[in-house]
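**Student:** Input structure: model16.cif, which contains mmCIF, C-alpha atoms.
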```cif
data_protein
loop_
_atom_site.label_atom_id
_atom_site.label_comp_id
_atom_site.auth_asym_id
_atom_site.auth_seq_id
_atom_site.Cartn_x
_atom_site.Cartn_y
_atom_site.Cartn_z
CA MET A 1 -38.70 88.28 41.45
CA ASN A 2 -40.64 86.65 38.69
CA SER A 3 -44.09 85.77 39.98
CA LEU A 4 -45.48 84.41 36.72
CA LYS A 5 -47.67 81.33 37.17
CA VAL A 6 -46.48 78.38 35.11
CA PRO A 7 -47.48 74.69 35.11
CA LYS A 8 -45.18 72.02 36.57
CA PHE A 9 -43.31 69.63 34.26
CA LYS A 10 -41.55 66.37 35.13
CA ARG A 11 -38.65 66.93 32.76
CA LEU A 12 -37.69 70.23 31.18
CA PRO A 13 -35.30 70.93 28.32
CA ARG A 14 -32.09 72.60 29.51
CA HIS A 15 -31.86 74.68 26.34
CA VAL A 16 -34.77 75.72 24.11
CA GLY A 17 -34.48 77.05 20.55
CA ILE A 18 -37.20 79.34 19.19
CA ILE A 19 -38.02 79.87 15.50
CA PRO A 20 -40.60 82.68 15.49
CA ASP A 21 -41.92 82.28 11.94
CA GLY A 22 -45.09 83.54 10.26
CA ASN A 23 -44.87 87.32 10.76
CA ARG A 24 -45.40 88.05 7.07
CA ARG A 25 -48.29 85.60 6.62
CA TRP A 26 -49.87 87.07 9.76
CA SER A 27 -49.61 90.57 8.26
CA THR A 28 -51.01 89.53 4.89
CA ALA A 29 -53.96 87.77 6.54
CA ARG A 30 -54.79 91.10 8.24
CA GLY A 31 -54.51 93.13 5.04
CA LEU A 32 -51.31 94.76 6.35
CA PRO A 33 -48.09 95.14 4.36
CA LYS A 34 -45.71 92.22 4.92
CA HIS A 35 -43.18 94.19 6.96
CA ALA A 36 -45.82 95.29 9.47
CA GLY A 37 -45.83 92.00 11.39
CA TYR A 38 -42.34 92.07 12.87
CA LYS A 39 -43.11 94.62 15.58
CA TYR A 40 -45.94 92.41 16.80
CA GLY A 41 -43.35 89.70 17.45
CA ILE A 42 -41.51 91.61 20.17
CA ALA A 43 -44.08 91.27 22.97
CA PRO A 44 -44.48 87.49 22.37
CA GLY A 45 -40.70 87.08 22.59
CA LEU A 46 -40.58 88.88 25.91
CA GLU A 47 -43.51 86.87 27.24
CA LEU A 48 -41.86 83.60 26.21
CA TYR A 49 -38.59 84.69 27.83
CA ARG A 50 -40.47 85.36 31.09
CA ILE A 51 -42.15 81.95 30.96
CA CYS A 52 -38.81 80.19 30.44
CA HIS A 53 -37.27 82.23 33.25
CA ALA A 54 -40.13 81.33 35.61
CA LEU A 55 -39.80 77.64 34.69
CA GLY A 56 -36.08 77.72 35.43
CA ILE A 57 -34.98 76.87 31.88
CA GLU A 58 -31.24 77.57 31.74
CA GLU A 59 -30.75 78.74 28.18
CA MET A 60 -32.81 79.87 25.22
CA THR A 61 -31.89 80.88 21.70
CA PHE A 62 -34.06 83.06 19.46
CA TYR A 63 -33.78 83.04 15.68
CA GLY A 64 -33.72 86.78 14.97
CA PHE A 65 -32.91 87.11 11.28
CA THR A 66 -30.54 85.50 8.80
CA GLN A 67 -28.37 86.67 5.95
CA ASP A 68 -30.81 84.72 3.70
CA ASN A 69 -33.64 86.93 5.04
CA THR A 70 -31.83 90.13 4.11
CA LYS A 71 -32.35 89.32 0.40
CA ARG A 72 -35.96 90.44 0.95
CA PRO A 73 -37.20 93.97 0.12
CA ALA A 74 -35.38 96.70 2.09
CA GLU A 75 -38.55 97.69 3.93
CA GLN A 76 -38.82 94.19 5.43
CA THR A 77 -35.13 94.07 6.28
CA ARG A 78 -35.37 97.40 8.11
CA ALA A 79 -38.45 96.18 9.98
CA PHE A 80 -36.87 93.01 11.35
CA GLN A 81 -33.59 94.78 12.14
CA ARG A 82 -35.54 97.33 14.17
CA ALA A 83 -37.55 94.60 15.89
CA CYS A 84 -34.33 92.88 16.99
CA VAL A 85 -32.92 96.10 18.47
CA GLU A 86 -36.17 96.79 20.31
CA ALA A 87 -36.31 93.24 21.64
CA VAL A 88 -32.85 93.68 23.15
CA GLU A 89 -33.86 97.02 24.69
CA LYS A 90 -36.78 95.28 26.40
CA LEU A 91 -34.66 92.35 27.55
CA ALA A 92 -32.16 94.79 29.09
CA GLU A 93 -34.79 95.51 31.78
CA GLU A 94 -35.04 91.82 32.72
CA ASP A 95 -32.77 89.19 34.28
CA ALA A 96 -30.61 87.56 31.60
CA GLU A 97 -27.16 87.07 30.18
CA LEU A 98 -27.41 88.03 26.52
CA LEU A 99 -25.19 86.91 23.65
CA VAL A 100 -25.84 88.12 20.10
CA VAL A 101 -24.37 85.83 17.42
CA GLY A 102 -24.19 86.82 13.77
CA ASN A 103 -22.00 88.18 11.01
CA THR A 104 -20.86 91.62 12.19
CA ASP A 105 -18.69 92.17 9.08
CA SER A 106 -21.80 93.19 7.14
CA PRO A 107 -23.62 96.56 7.17
CA LEU A 108 -26.83 94.56 7.70
CA PHE A 109 -25.80 93.75 11.26
CA PRO A 110 -27.44 96.45 13.43
CA LYS A 111 -24.65 98.52 15.05
CA GLU A 112 -26.71 98.96 18.22
CA LEU A 113 -26.21 95.26 18.95
CA LEU A 114 -22.40 95.17 18.63
CA PRO A 115 -21.86 95.48 22.42
CA TYR A 116 -23.73 92.20 22.93
CA THR A 117 -21.52 90.03 20.71
CA LYS A 118 -19.77 89.29 23.99
CA ARG A 119 -22.06 88.07 26.77
CA VAL A 120 -23.63 90.96 28.77
CA LYS A 121 -25.47 90.62 32.08
CA PHE A 122 -28.87 92.20 32.67
CA GLY A 123 -30.13 92.09 36.27
CA ARG A 124 -28.70 89.05 38.05
CA GLY A 125 -27.85 87.48 34.69
CA SER A 126 -29.38 84.22 35.75
CA MET A 127 -30.62 82.93 32.38
CA ARG A 128 -28.62 82.63 29.18
CA VAL A 129 -30.39 84.16 26.20
CA ASN A 130 -28.82 83.87 22.75
CA PHE A 131 -30.06 85.93 19.85
CA LEU A 132 -29.14 85.11 16.25
CA VAL A 133 -28.88 88.36 14.31
CA ASN A 134 -27.67 88.49 10.69
CA TYR A 135 -26.81 84.84 11.22
CA SER A 136 -25.98 82.33 8.49
CA TRP A 137 -25.41 78.60 8.91
CA ASN A 138 -22.72 78.71 6.24
CA TRP A 139 -20.95 81.63 7.92
CA ASP A 140 -21.20 79.75 11.23
CA LEU A 141 -19.76 76.46 9.96
CA SER A 142 -17.17 78.04 7.64
CA TYR A 143 -15.83 80.38 10.33
CA PHE A 144 -12.71 78.36 11.07
CA TYR A 145 -11.97 77.75 7.40
CA LYS A 146 -11.91 81.46 6.75
CA ASN A 147 -10.23 82.62 9.93
CA ASN A 148 -7.64 80.04 10.89
CA ASN A 149 -3.97 80.65 10.27
CA GLY A 150 -3.34 77.38 8.53
CA GLN A 151 -3.39 75.11 11.58
CA LYS A 152 -5.18 71.78 11.47
CA GLY A 153 -8.19 71.57 13.72
CA SER A 154 -9.71 68.40 15.07
CA ASN A 155 -13.35 68.84 15.97
CA ILE A 156 -15.64 71.30 14.25
CA VAL A 157 -17.73 71.93 17.38
CA GLU A 158 -14.92 73.94 18.98
CA HIS A 159 -14.34 76.12 15.94
CA ILE A 160 -17.72 77.25 14.66
CA ALA A 161 -18.72 80.90 15.06
CA SER A 162 -21.52 79.93 17.47
CA SER A 163 -19.30 77.73 19.66
CA GLU A 164 -20.46 79.55 22.81
CA ILE A 165 -24.02 78.32 22.23
CA SER A 166 -24.64 74.88 23.74
CA ARG A 167 -26.51 71.87 22.37
CA ILE A 168 -30.27 72.49 22.05
CA ASP A 169 -32.74 70.01 23.56
CA LEU A 170 -35.99 71.30 22.11
CA ILE A 171 -36.69 73.53 19.12
CA VAL A 172 -40.15 75.09 18.85
CA ARG A 173 -41.14 76.64 15.55
CA TRP A 174 -44.21 78.81 15.06
CA GLY A 175 -45.93 79.25 11.68
CA GLY A 176 -46.47 75.61 10.70
CA ARG A 177 -43.36 74.89 8.64
CA ARG A 178 -41.50 71.67 9.39
CA ARG A 179 -37.94 72.65 8.63
CA LEU A 180 -34.94 74.13 10.41
CA SER A 181 -34.13 76.82 7.81
CA GLY A 182 -30.47 76.93 8.78
CA PHE A 183 -31.02 77.29 12.54
CA LEU A 184 -27.73 76.34 14.30
CA PRO A 185 -27.05 73.07 12.46
CA VAL A 186 -24.50 71.77 14.96
CA GLN A 187 -26.51 72.55 18.10
CA SER A 188 -29.69 71.12 16.46
CA ILE A 189 -28.19 67.70 15.68
CA TYR A 190 -30.09 65.87 18.44
CA SER A 191 -32.87 68.39 19.14
CA ASP A 192 -36.49 67.37 19.38
CA PHE A 193 -38.53 69.49 16.99
CA TYR A 194 -42.04 70.76 17.76
CA VAL A 195 -44.12 72.77 15.31
CA VAL A 196 -46.91 75.19 16.29
CA ASP A 197 -49.31 75.92 13.44
CA GLU A 198 -50.21 79.41 14.68
CA MET A 199 -48.23 82.38 13.42
CA TRP A 200 -45.67 83.91 15.81
CA PRO A 201 -47.53 87.21 16.48
CA ASP A 202 -50.46 85.02 17.65
CA PHE A 203 -48.22 83.43 20.32
CA LYS A 204 -50.02 82.05 23.38
CA PRO A 205 -48.31 80.53 26.42
CA GLU A 206 -50.34 77.35 25.81
CA HIS A 207 -48.42 76.72 22.57
CA PHE A 208 -45.20 76.51 24.51
CA PHE A 209 -46.71 74.46 27.33
CA SER A 210 -47.97 71.94 24.73
CA ALA A 211 -44.44 71.71 23.34
CA LEU A 212 -43.08 71.05 26.84
CA GLU A 213 -45.76 68.43 27.53
CA TRP A 214 -44.80 66.65 24.33
CA TYR A 215 -41.10 66.99 25.11
CA GLN A 216 -41.37 65.23 28.45
CA THR A 217 -42.78 62.13 26.69
CA GLN A 218 -39.70 61.89 24.42
CA ASP A 219 -36.64 59.83 25.26
CA VAL A 220 -33.15 61.28 25.09
CA THR A 221 -30.74 59.08 23.12
CA LEU A 222 -28.26 61.57 21.64
CA GLY A 223 -28.07 59.31 18.61
CA GLY A 224 -27.08 56.21 20.64
CA MET B 1 -38.42 48.42 -16.88
CA ASN B 2 -40.10 49.33 -13.67
CA SER B 3 -43.84 48.76 -14.01
CA LEU B 4 -44.76 49.64 -10.42
CA LYS B 5 -48.02 51.60 -10.14
CA VAL B 6 -47.60 54.89 -8.31
CA PRO B 7 -49.90 57.91 -7.86
CA LYS B 8 -49.26 61.16 -9.72
CA PHE B 9 -47.96 64.21 -7.86
CA LYS B 10 -47.88 67.84 -8.96
CA ARG B 11 -44.48 68.58 -7.46
CA LEU B 12 -41.95 66.00 -6.35
CA PRO B 13 -38.82 66.42 -4.25
CA ARG B 14 -35.65 66.06 -6.29
CA HIS B 15 -33.81 64.41 -3.40
CA VAL B 16 -35.41 62.44 -0.56
CA GLY B 17 -33.73 61.52 2.74
CA ILE B 18 -34.91 58.42 4.62
CA ILE B 19 -34.49 57.82 8.36
CA PRO B 20 -35.69 54.23 8.89
CA ASP B 21 -36.11 54.28 12.66
CA GLY B 22 -37.98 51.98 15.05
CA ASN B 23 -36.44 48.57 14.31
CA ARG B 24 -35.70 47.89 17.99
CA ARG B 25 -39.07 49.06 19.27
CA TRP B 26 -40.72 46.92 16.57
CA SER B 27 -38.75 43.88 17.78
CA THR B 28 -39.52 44.48 21.44
CA ALA B 29 -43.24 44.88 20.70
CA ARG B 30 -43.13 41.40 19.10
CA GLY B 31 -41.26 39.82 22.02
CA LEU B 32 -38.13 39.48 19.86
CA PRO B 33 -34.62 40.47 20.95
CA LYS B 34 -33.79 44.04 19.93
CA HIS B 35 -31.30 43.11 17.21
CA ALA B 36 -33.87 40.91 15.42
CA GLY B 37 -35.65 43.83 13.72
CA TYR B 38 -32.92 45.04 11.38
CA LYS B 39 -33.28 42.27 8.83
CA TYR B 40 -36.97 43.14 8.50
CA GLY B 41 -35.90 46.58 7.36
CA ILE B 42 -34.23 45.41 4.14
CA ALA B 43 -37.36 44.57 2.11
CA PRO B 44 -39.02 47.93 2.99
CA GLY B 45 -35.89 49.75 1.83
CA LEU B 46 -35.92 47.97 -1.51
CA GLU B 47 -39.64 48.62 -1.92
CA LEU B 48 -39.18 52.32 -1.19
CA TYR B 49 -36.27 52.52 -3.65
CA ARG B 50 -38.52 51.00 -6.35
CA ILE B 51 -41.30 53.48 -5.60
CA CYS B 52 -38.88 56.42 -5.87
CA HIS B 53 -37.46 55.00 -9.10
CA ALA B 54 -40.95 54.59 -10.58
CA LEU B 55 -41.83 58.16 -9.58
CA GLY B 56 -38.70 59.49 -11.25
CA ILE B 57 -37.16 60.88 -8.07
CA GLU B 58 -33.54 61.69 -8.94
CA GLU B 59 -31.73 60.99 -5.69
CA MET B 60 -32.36 59.31 -2.36
CA THR B 61 -30.26 58.92 0.76
CA PHE B 62 -30.77 56.20 3.37
CA TYR B 63 -29.55 56.53 6.93
CA GLY B 64 -27.86 53.14 7.43
CA PHE B 65 -26.07 53.35 10.76
CA THR B 66 -23.95 55.88 12.61
CA GLN B 67 -20.85 55.80 14.75
CA ASP B 68 -23.17 56.76 17.64
CA ASN B 69 -25.17 53.57 16.95
CA THR B 70 -22.09 51.36 17.24
CA LYS B 71 -21.92 52.11 20.98
CA ARG B 72 -24.82 49.65 21.33
CA PRO B 73 -24.35 45.96 22.28
CA ALA B 74 -22.19 44.05 19.74
CA GLU B 75 -25.08 41.81 18.74
CA GLN B 76 -27.07 44.84 17.55
CA THR B 77 -24.05 46.33 15.79
CA ARG B 78 -23.44 43.08 13.91
CA ALA B 79 -27.13 42.90 12.96
CA PHE B 80 -27.31 46.38 11.40
CA GLN B 81 -23.92 45.97 9.70
CA ARG B 82 -25.17 42.75 8.09
CA ALA B 83 -28.48 44.39 7.10
CA CYS B 84 -26.56 47.18 5.30
CA VAL B 85 -24.45 44.69 3.35
CA GLU B 86 -27.52 42.69 2.37
CA ALA B 87 -29.37 45.82 1.31
CA VAL B 88 -26.52 46.68 -1.07
CA GLU B 89 -26.51 43.13 -2.47
CA LYS B 90 -30.20 43.51 -3.27
CA LEU B 91 -29.76 46.98 -4.77
CA ALA B 92 -27.01 45.60 -7.05
CA GLU B 93 -29.73 43.79 -9.00
CA GLU B 94 -31.62 47.04 -9.65
CA ASP B 95 -31.05 50.23 -11.61
CA ALA B 96 -29.08 52.72 -9.49
CA GLU B 97 -25.85 54.58 -8.97
CA LEU B 98 -24.75 53.80 -5.42
CA LEU B 99 -22.50 55.84 -3.17
CA VAL B 100 -21.69 54.68 0.37
CA VAL B 101 -20.59 57.49 2.69
CA GLY B 102 -19.10 56.83 6.12
CA ASN B 103 -15.91 56.59 8.14
CA THR B 104 -13.89 53.79 6.54
CA ASP B 105 -10.96 54.30 8.95
CA SER B 106 -12.80 52.26 11.57
CA PRO B 107 -13.12 48.45 11.82
CA LEU B 108 -16.87 49.02 12.25
CA PHE B 109 -17.19 49.98 8.60
CA PRO B 110 -18.16 46.73 6.76
CA LYS B 111 -15.30 45.81 4.40
CA GLU B 112 -17.76 44.44 1.85
CA LEU B 113 -18.94 48.01 1.20
CA LEU B 114 -15.52 49.58 0.54
CA PRO B 115 -15.90 49.30 -3.29
CA TYR B 116 -18.96 51.56 -3.11
CA THR B 117 -17.28 54.55 -1.44
CA LYS B 118 -16.84 55.73 -5.02
CA ARG B 119 -20.06 55.82 -7.05
CA VAL B 120 -20.86 52.44 -8.71
CA LYS B 121 -23.46 51.86 -11.43
CA PHE B 122 -26.00 49.07 -11.21
CA GLY B 123 -28.09 48.50 -14.37
CA ARG B 124 -28.45 51.75 -16.28
CA GLY B 125 -27.44 53.69 -13.18
CA SER B 126 -30.33 56.06 -13.63
CA MET B 127 -31.07 56.94 -9.99
CA ARG B 128 -28.59 58.17 -7.40
CA VAL B 129 -28.81 56.23 -4.14
CA ASN B 130 -26.65 57.29 -1.21
CA PHE B 131 -26.21 55.08 1.80
CA LEU B 132 -24.77 56.37 5.09
CA VAL B 133 -22.78 53.58 6.73
CA ASN B 134 -20.74 54.13 9.89
CA TYR B 135 -21.53 57.80 9.35
CA SER B 136 -21.05 60.56 11.90
CA TRP B 137 -22.10 64.20 11.54
CA ASN B 138 -18.98 65.29 13.41
CA TRP B 139 -16.72 63.19 11.17
CA ASP B 140 -18.53 64.65 8.14
CA LEU B 141 -18.21 68.30 9.18
CA SER B 142 -14.70 67.98 10.65
CA TYR B 143 -13.30 66.21 7.58
CA PHE B 144 -11.52 69.23 6.17
CA TYR B 145 -10.14 70.27 9.56
CA LYS B 146 -8.49 66.90 9.96
CA ASN B 147 -7.37 66.32 6.39
CA ASN B 148 -6.31 69.65 4.97
CA ASN B 149 -2.67 70.53 4.57
CA GLY B 150 -2.91 73.88 6.21
CA GLN B 151 -4.64 75.78 3.44
CA LYS B 152 -7.48 78.16 4.16
CA GLY B 153 -10.82 77.07 2.78
CA SER B 154 -13.72 79.34 2.06
CA ASN B 155 -17.00 77.47 2.12
CA ILE B 156 -17.65 74.40 4.25
CA VAL B 157 -20.07 72.85 1.75
CA GLU B 158 -17.23 72.01 -0.64
CA HIS B 159 -15.08 70.40 2.03
CA ILE B 160 -17.29 68.11 4.08
CA ALA B 161 -16.86 64.34 3.75
CA SER B 162 -20.34 64.04 2.21
CA SER B 163 -19.80 66.79 -0.36
CA GLU B 164 -20.92 64.50 -3.20
CA ILE B 165 -24.41 64.29 -1.65
CA SER B 166 -26.68 67.14 -2.76
CA ARG B 167 -29.16 69.26 -0.81
CA ILE B 168 -32.15 67.26 0.44
CA ASP B 169 -35.68 68.52 -0.26
CA LEU B 170 -37.70 66.15 1.90
CA ILE B 171 -36.69 63.98 4.85
CA VAL B 172 -39.08 61.22 5.92
CA ARG B 173 -38.50 59.58 9.29
CA TRP B 174 -40.26 56.43 10.44
CA GLY B 175 -40.72 55.54 14.12
CA GLY B 176 -42.38 58.73 15.40
CA ARG B 177 -39.36 60.70 16.60
CA ARG B 178 -39.16 64.35 15.57
CA ARG B 179 -35.42 64.85 15.33
CA LEU B 180 -32.65 64.57 12.76
CA SER B 181 -30.22 62.54 14.94
CA GLY B 182 -27.19 63.78 13.05
CA PHE B 183 -28.50 63.06 9.54
CA LEU B 184 -26.40 65.10 7.06
CA PRO B 185 -26.60 68.47 8.82
CA VAL B 186 -25.49 70.53 5.82
CA GLN B 187 -27.78 68.87 3.28
CA SER B 188 -30.73 69.03 5.75
CA ILE B 189 -30.52 72.80 6.29
CA TYR B 190 -33.63 73.62 4.22
CA SER B 191 -35.29 70.17 4.12
CA ASP B 192 -38.95 69.71 4.88
CA PHE B 193 -39.33 67.10 7.59
CA TYR B 194 -42.15 64.54 7.69
CA VAL B 195 -42.58 61.99 10.47
CA VAL B 196 -44.37 58.65 10.12
CA ASP B 197 -45.48 57.20 13.46
CA GLU B 198 -45.24 53.56 12.30
CA MET B 199 -42.01 51.66 12.86
CA TRP B 200 -39.78 51.13 9.83
CA PRO B 201 -40.32 47.33 9.48
CA ASP B 202 -44.06 48.16 9.22
CA PHE B 203 -43.38 50.35 6.15
CA LYS B 204 -46.29 50.76 3.73
CA PRO B 205 -46.13 52.67 0.42
CA GLU B 206 -49.02 54.83 1.70
CA HIS B 207 -46.72 56.32 4.37
CA PHE B 208 -44.45 57.66 1.67
CA PHE B 209 -47.31 58.82 -0.54
CA SER B 210 -48.74 60.79 2.42
CA ALA B 211 -45.34 62.44 2.86
CA LEU B 212 -45.28 63.39 -0.83
CA GLU B 213 -48.85 64.73 -0.67
CA TRP B 214 -47.88 66.90 2.26
CA TYR B 215 -44.65 67.98 0.55
CA GLN B 216 -46.42 69.34 -2.51
CA THR B 217 -48.42 71.73 -0.29
CA GLN B 218 -45.22 73.27 1.13
CA ASP B 219 -43.52 76.29 -0.35
CA VAL B 220 -39.81 76.31 -1.16
CA THR B 221 -38.02 79.37 0.22
CA LEU B 222 -34.48 78.13 0.88
CA GLY B 223 -34.40 80.42 3.88
CA GLY B 224 -35.28 83.53 1.84
#
```
Go ahead and express the file in the form of structure tokens.

**Tutor:**
Amino acid sequence: MNSLKVPKFKRLPRHVGIIPDGNRRWSTARGLPKHAGYKYGIAPGLELYRICHALGIEEMTFYGFTQDNTKRPAEQTRAFQRACVEAVEKLAEEDAELLVVGNTDSPLFPKELLPYTKRVKFGRGSMRVNFLVNYSWNWDLSYFYKNNNGQKGSNIVEHIASSEISRIDLIVRWGGRRRLSGFLPVQSIYSDFYVVDEMWPDFKPEHFFSALEWYQTQDVTLGG
Amino acid sequence: MNSLKVPKFKRLPRHVGIIPDGNRRWSTARGLPKHAGYKYGIAPGLELYRICHALGIEEMTFYGFTQDNTKRPAEQTRAFQRACVEAVEKLAEEDAELLVVGNTDSPLFPKELLPYTKRVKFGRGSMRVNFLVNYSWNWDLSYFYKNNNGQKGSNIVEHIASSEISRIDLIVRWGGRRRLSGFLPVQSIYSDFYVVDEMWPDFKPEHFFSALEWYQTQDVTLGG
């Protein structure tokens, strides 16, 4: 059982999206090469997963890396690919139901993660964890266009590549930038968006608790 | 000629998105019925258009109303429909190229705006102004699914209903909420997002100048 101590909140998001940005700026600020930061993002991710699990949050989605990101130098690409594989190895020892979503038709998708492109249970499988790996918003939204056999669809939501990932209530982004950078455009439509100025490797539980405190003061209108 | 005095900026967004939220909260705070606020949003819109024009910003997009919004009481729906028509009447006396984007297959789309669903020049037509009226993100993204004749597409960006509206660099939202509420999901993918706490009818030029000051400190990565 998870015995982590967490504060109480009046109203929690059902599904939280995480944009763990700032690894390269964190590295540069420490005089390290840019690619060095990614491995320091694994422990924060696991800690945040455990906090969400202890709070009883039903679903969380991590922004691993995107096809845009893979245009960076090969050393960086290898570093964040490796970090994603290691993160999944750590999560496999926990209690979660993992789904990896991303473009597997590309050599940049890490082969080790192919088994998780269908949902896989770890432990009791009591919390849904989605992990975007070699993801692209354009790939996601264009999926049906490219793969349908000429039939007319009706509603895009049922036909995107990430259709198994539900609507996101709260997105928290580390690293100070106030943008979505292609993070699940359909699921983010109505999401509240909270920005933490600290870089992701400097993650502290208090950052996330502040986001949740802010979230419970927001109304939910779903555009109405 | 536009002789409005505006500050100088080092780097301006090419395309600005405007979410003019808070009309109902503004009304309620003044003891007015909720629908009363919309007409007080027209003059701020015109003022902001003139500021953008004077700055030389190439394109701006206003969030008029959405199909989600029309689920509200009829009195409110009539009030924001009327405000949109009046805003266009005012803009017709300026220098702009207007495009109205929204679902015209519904009786909730104001008939008076049908001529503007193809771009129309006012004056020299030197600034592109887009106006979302009876818009819906799902309608926008599902457009090709519903209207294609069975052909396979390749890239969603070319086939959405709003495909004539370009990528947005900066989105400014009034009314304090930190969410996109369905505002052009494809064009917002890489947008920087700035929130003004004041309600839209309380618009002041300084709000927008603060957004532009902040914007010029941000880097442009387009997800890279």

**Student:** Excluding region 32-40 of chain B and residues on its chain fewer than 5 positions from it, collect all residues at most 9 Å away from it, counting all atoms listed in the file, and give them as a list in words.

**Tutor:** Gly22, Asn23, Arg24, Arg25, Trp26, Ser27, Glu75, Gln76, Thr77, Arg78, Ala79, Phe80, Arg82, Ala83, Glu86, Trp200, Pro201 and Asp202 of chain B

**Student:** For chain B, report every residue with an atom at most 8 Å from chain A (counting only C-alpha atoms), formatted as an MDAnalysis selection string.

**Tutor:** chainID B and resid 68:72 138 141:142 145:157 177:183 185:186 189:194 218 222:224

**Student:** One number please: CA of Lys5 (chain A) to CA of Glu206 (chain A), in Å, one decimal.

**Tutor:** 12.3 Å

**Student:** I'd like the interatomic distance between CA of Leu99 (chain B) and CA of Asp21 (chain B), to a tenth of an Å.

**Tutor:**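 Atom-to-atom, CA of Leu99 (chain B) and CA of Asp21 (chain B) are spaced 20.9 Å apart.
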
**Student:** Per residue of region 187-209 of chain B within 12 Å of region 52-59 of chain B, record the nearest atom pair and its distance in Å to one decimal, counting only C-alpha atoms, with rows in chain order and ascending residue number, as CSV.

**Tutor:**
```
residue,atom,partner,partner_atom,distance
B:Pro205,CA,B:Cys52,CA,10.3
B:Phe208,CA,B:Cys52,CA,9.5
B:Phe209,CA,B:Cys52,CA,10.3
```

**Student:** Could you give me, as a list in words, the residues within 12 Å of Thr117 (chain A), counting only C-alpha atoms and dropping anything in the same chain fewer than 4 positions from it?

**Tutor:**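 The residues that qualify are Glu97, Leu98, Leu99, Val100, Val101, Gly102, Asn103, Thr104, Phe109, Pro110, Lys111, Glu112, Leu113, Val129, Asn130, Phe131, Leu132, Val133, Asn134, Ala161, Ser162 and Glu164 of chain A.
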
**Student:** Please compute the CA of Ile42 (chain A)-CA of Tyr63 (chain A) distance, one decimal, in Å.

**Tutor:**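 According to the coordinates, CA of Ile42 (chain A) and CA of Tyr63 (chain A) are separated by 12.4 Å.
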
**Student:** Choose the residue, out of A:Leu114, A:Val196, A:Met60, A:Met127, that has the smallest atom-to-atom separation from Trp214 (chain A); count all atoms listed in the file.

**Tutor:**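 Closest to Trp214 (chain A) of all the choices is A:Val196.
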
**Student:** Do you know which residues are at most 8 Å from Glu93 (chain A) counting only C-alpha atoms, after dropping those on the same chain fewer than 2 positions away, and could you put them as a VMD selection string?

**Tutor:** chain A and resid 89 to 91 95 122 to 123

**Student:** For each of A:Lys8, A:Arg30, A:His15, A:Lys204, take the minimum atom-to-atom distance to Thr61 (chain A), counting all atoms listed in the file, then give the residue where this is smallest.

**Tutor:** A:His15

**Student:** So, counting only C-alpha atoms, which residue among B:Val16, B:Lys118, B:Tyr135, B:Val172 is closest to Asp105 (chain B)?

**Tutor:** B:Tyr135
